[in-house]
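Text of the file protein.cif, holding mmCIF, C-alpha atoms:
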```
data_model
#
loop_
_atom_site.group_PDB
_atom_site.id
_atom_site.type_symbol
_atom_site.label_atom_id
_atom_site.label_comp_id
_atom_site.auth_asym_id
_atom_site.auth_seq_id
_atom_site.Cartn_x
_atom_site.Cartn_y
_atom_site.Cartn_z
ATOM 1 C CA MET A 294 20.924 -0.007 90.776
ATOM 2 C CA THR A 295 20.259 0.937 87.178
ATOM 3 C CA LYS A 296 22.619 2.575 84.706
ATOM 4 C CA TYR A 297 21.350 5.641 82.845
ATOM 5 C CA LEU A 298 22.663 7.381 79.733
ATOM 6 C CA ILE A 299 22.397 11.170 79.796
ATOM 7 C CA SER A 300 23.395 12.680 76.455
ATOM 8 C CA PHE A 301 23.079 15.488 73.947
ATOM 9 C CA PRO A 302 23.992 15.977 70.270
ATOM 10 C CA SER A 303 26.595 18.617 69.391
ATOM 11 C CA ALA A 304 24.004 20.793 67.645
ATOM 12 C CA ALA A 305 22.043 21.173 70.895
ATOM 13 C CA MET A 306 24.826 23.039 72.666
ATOM 14 C CA VAL A 307 24.691 26.574 71.345
ATOM 15 C CA VAL A 308 26.935 28.816 73.416
ATOM 16 C CA GLU A 309 29.158 31.750 72.550
ATOM 17 C CA ASP A 310 32.905 31.078 72.364
ATOM 18 C CA ASP A 311 33.548 33.247 75.405
ATOM 19 C CA GLU A 312 31.042 31.141 77.396
ATOM 20 C CA LEU A 313 32.754 27.813 76.646
ATOM 21 C CA PRO A 314 35.240 27.947 79.551
ATOM 22 C CA ILE A 315 32.400 28.688 81.983
ATOM 23 C CA VAL A 316 30.212 25.910 80.552
ATOM 24 C CA ALA A 317 33.141 23.467 80.702
ATOM 25 C CA ALA A 318 33.849 24.376 84.327
ATOM 26 C CA ASP A 319 30.169 24.007 85.261
ATOM 27 C CA ALA A 320 29.939 20.612 83.529
ATOM 28 C CA ARG A 321 33.118 19.383 85.208
ATOM 29 C CA ALA A 322 31.724 20.479 88.575
ATOM 30 C CA VAL A 323 28.591 18.348 88.081
ATOM 31 C CA ILE A 324 30.753 15.380 87.061
ATOM 32 C CA ALA A 325 32.928 15.913 90.150
ATOM 33 C CA ASP A 326 29.755 15.856 92.264
ATOM 34 C CA ALA A 327 28.633 12.620 90.567
ATOM 35 C CA LYS A 328 32.035 11.055 91.274
ATOM 36 C CA ALA A 329 31.915 12.210 94.901
ATOM 37 C CA ALA A 330 28.410 10.720 95.215
ATOM 38 C CA GLY A 331 29.688 7.401 93.859
ATOM 39 C CA VAL A 332 27.231 7.327 90.921
ATOM 40 C CA TYR A 333 29.591 8.170 88.034
ATOM 41 C CA VAL A 334 30.348 5.291 85.648
ATOM 42 C CA PHE A 335 31.775 6.907 82.512
ATOM 43 C CA GLY A 336 31.399 9.959 80.343
ATOM 44 C CA GLY A 337 32.921 11.934 77.541
ATOM 45 C CA GLY A 338 32.441 13.441 74.152
ATOM 46 C CA ILE A 339 32.439 11.747 70.768
ATOM 47 C CA ALA A 340 35.611 12.565 68.780
ATOM 48 C CA GLU A 341 33.888 14.033 65.741
ATOM 49 C CA SER A 342 37.147 14.444 63.808
ATOM 50 C CA VAL A 343 37.616 10.665 63.765
ATOM 51 C CA GLU A 344 35.504 8.926 61.126
ATOM 52 C CA PRO A 345 33.463 5.971 62.379
ATOM 53 C CA VAL A 346 33.700 2.561 60.745
ATOM 54 C CA LEU A 347 31.370 -0.415 60.669
ATOM 55 C CA VAL A 348 32.939 -3.672 61.867
ATOM 56 C CA GLY A 349 31.035 -6.650 60.480
ATOM 57 C CA ALA A 350 30.267 -9.964 62.154
ATOM 58 C CA ASP A 351 32.744 -11.487 59.683
ATOM 59 C CA GLY A 352 35.494 -9.171 60.942
ATOM 60 C CA SER A 353 35.414 -6.839 57.947
ATOM 61 C CA VAL A 354 35.903 -3.115 58.521
ATOM 62 C CA ARG A 355 34.081 -0.687 56.241
ATOM 63 C CA THR A 356 34.042 3.108 56.155
ATOM 64 C CA GLU A 357 30.315 3.361 56.657
ATOM 65 C CA THR A 358 27.851 3.480 59.531
ATOM 66 C CA TYR A 359 24.325 2.413 60.285
ATOM 67 C CA GLY A 360 23.384 5.902 59.144
ATOM 68 C CA THR A 361 22.575 7.481 62.492
ATOM 69 C CA ARG A 362 24.920 10.327 63.339
ATOM 70 C CA LEU A 363 26.350 10.014 66.836
ATOM 71 C CA ASP A 364 28.079 13.079 68.227
ATOM 72 C CA GLY A 365 28.020 15.324 71.244
ATOM 73 C CA GLY A 366 28.548 14.324 74.835
ATOM 74 C CA PHE A 367 27.308 11.684 77.211
ATOM 75 C CA THR A 368 27.467 10.544 80.798
ATOM 76 C CA VAL A 369 26.602 7.153 82.259
ATOM 77 C CA LEU A 370 25.483 7.148 85.886
ATOM 78 C CA GLU A 371 24.381 4.275 88.120
ATOM 79 C CA LEU A 372 21.411 5.374 90.187
ATOM 80 C CA PRO A 373 18.687 3.907 92.392
ATOM 81 C CA ASN A 374 15.717 5.125 90.321
ATOM 82 C CA ARG A 375 14.475 7.235 87.424
ATOM 83 C CA GLU A 376 13.728 10.221 89.644
ATOM 84 C CA ALA A 377 17.388 10.392 90.671
ATOM 85 C CA ALA A 378 18.390 10.088 87.003
ATOM 86 C CA GLU A 379 16.085 12.972 86.072
ATOM 87 C CA GLU A 380 17.621 15.123 88.794
ATOM 88 C CA TRP A 381 21.157 14.452 87.555
ATOM 89 C CA ALA A 382 20.002 15.110 83.971
ATOM 90 C CA ARG A 383 18.600 18.465 85.138
ATOM 91 C CA ARG A 384 21.943 19.354 86.694
ATOM 92 C CA ILE A 385 23.847 18.371 83.556
ATOM 93 C CA ALA A 386 21.377 20.265 81.344
ATOM 94 C CA ALA A 387 21.847 23.419 83.408
ATOM 95 C CA ALA A 388 25.640 23.077 83.303
ATOM 96 C CA CYS A 389 25.771 22.382 79.556
ATOM 97 C CA ARG A 390 23.098 24.964 78.713
ATOM 98 C CA CYS A 391 21.135 22.437 76.649
ATOM 99 C CA SER A 392 18.500 19.748 77.050
ATOM 100 C CA GLN A 393 19.664 16.235 77.831
ATOM 101 C CA GLU A 394 18.229 12.962 76.594
ATOM 102 C CA LEU A 395 17.758 10.374 79.342
ATOM 103 C CA ARG A 396 17.775 6.659 78.572
ATOM 104 C CA GLU A 397 17.820 3.609 80.795
ATOM 105 C CA PHE A 398 20.093 0.654 80.121
ATOM 106 C CA MET A 399 18.481 -2.769 80.262
ATOM 107 C CA TYR A 400 19.535 -4.780 83.271
ATOM 108 C CA ASP A 401 22.374 -7.207 82.688
ATOM 109 C CA PRO A 402 23.493 -9.197 85.744
ATOM 110 C CA GLU A 403 26.988 -9.547 84.208
ATOM 111 C CA SER A 404 27.678 -5.817 83.933
#
```
Just dump the structure as structure tokens.
Amino acid sequence: MTKYLISFPSAAMVVEDDELPIVAADARAVIADAKAAGVYVFGGGIAESVEPVLVGADGSVRTETYGTRLDGGFTVLELPNREAAEEWARRIAAACRCSQELREFMYDPES
């Protein structure tokens, strides 16, 4: 089976404050379904209030990044094929009220 990353940036989710509890409940329901189906690996949101750092190959830690902003939410699922991944991405998109980016992880026999 292949692992897939389903994600969205914070700016993509545009919902009214009063809708947030409903959106959160809908998203949690999809995640509960993924767990029940045995395909859930990991998911969450990026803590945007915590500044990222760049840890160098020499062990140094600098308050900088590669320059690409990473925020929003993500889910990693392990699925039999791309069609299944697209279906889960559709469900997550509907729950979160925003489009989802779908990426496939390269196969690594050790993970």
With a distance cut-off of 6 Å and all atoms listed in the file, select the neighbouring residues of range 375-392 of chain A, excluding the residue or stretch itself and same-chain residues fewer than 4 positions from it, and output the selection as a ChimeraX atom specification. /A:305-306,316,319-320
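Nearest to Arg321 in chain A of all the residues A:Glu341, A:Glu403, A:Thr368, A:Ala304 is A:Thr368, based on all atoms listed in the file.
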What is the CA of Ala340 in chain A-CA of Ile315 in chain A distance in Å, reported with one decimal? 21.1 Å
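Nearest to Thr361 in chain A of all the residues A:Pro402, A:Gly349, A:Gly336, A:Pro302 is A:Pro302, based on all atoms listed in the file.
Shell of Ser342 in chain A at 12 Å, with all atoms listed in the file counted and residues fewer than 3 places along the chain excluded, is Gly338, Ile339, Pro345, Asp364 and Gly365 of chain A.
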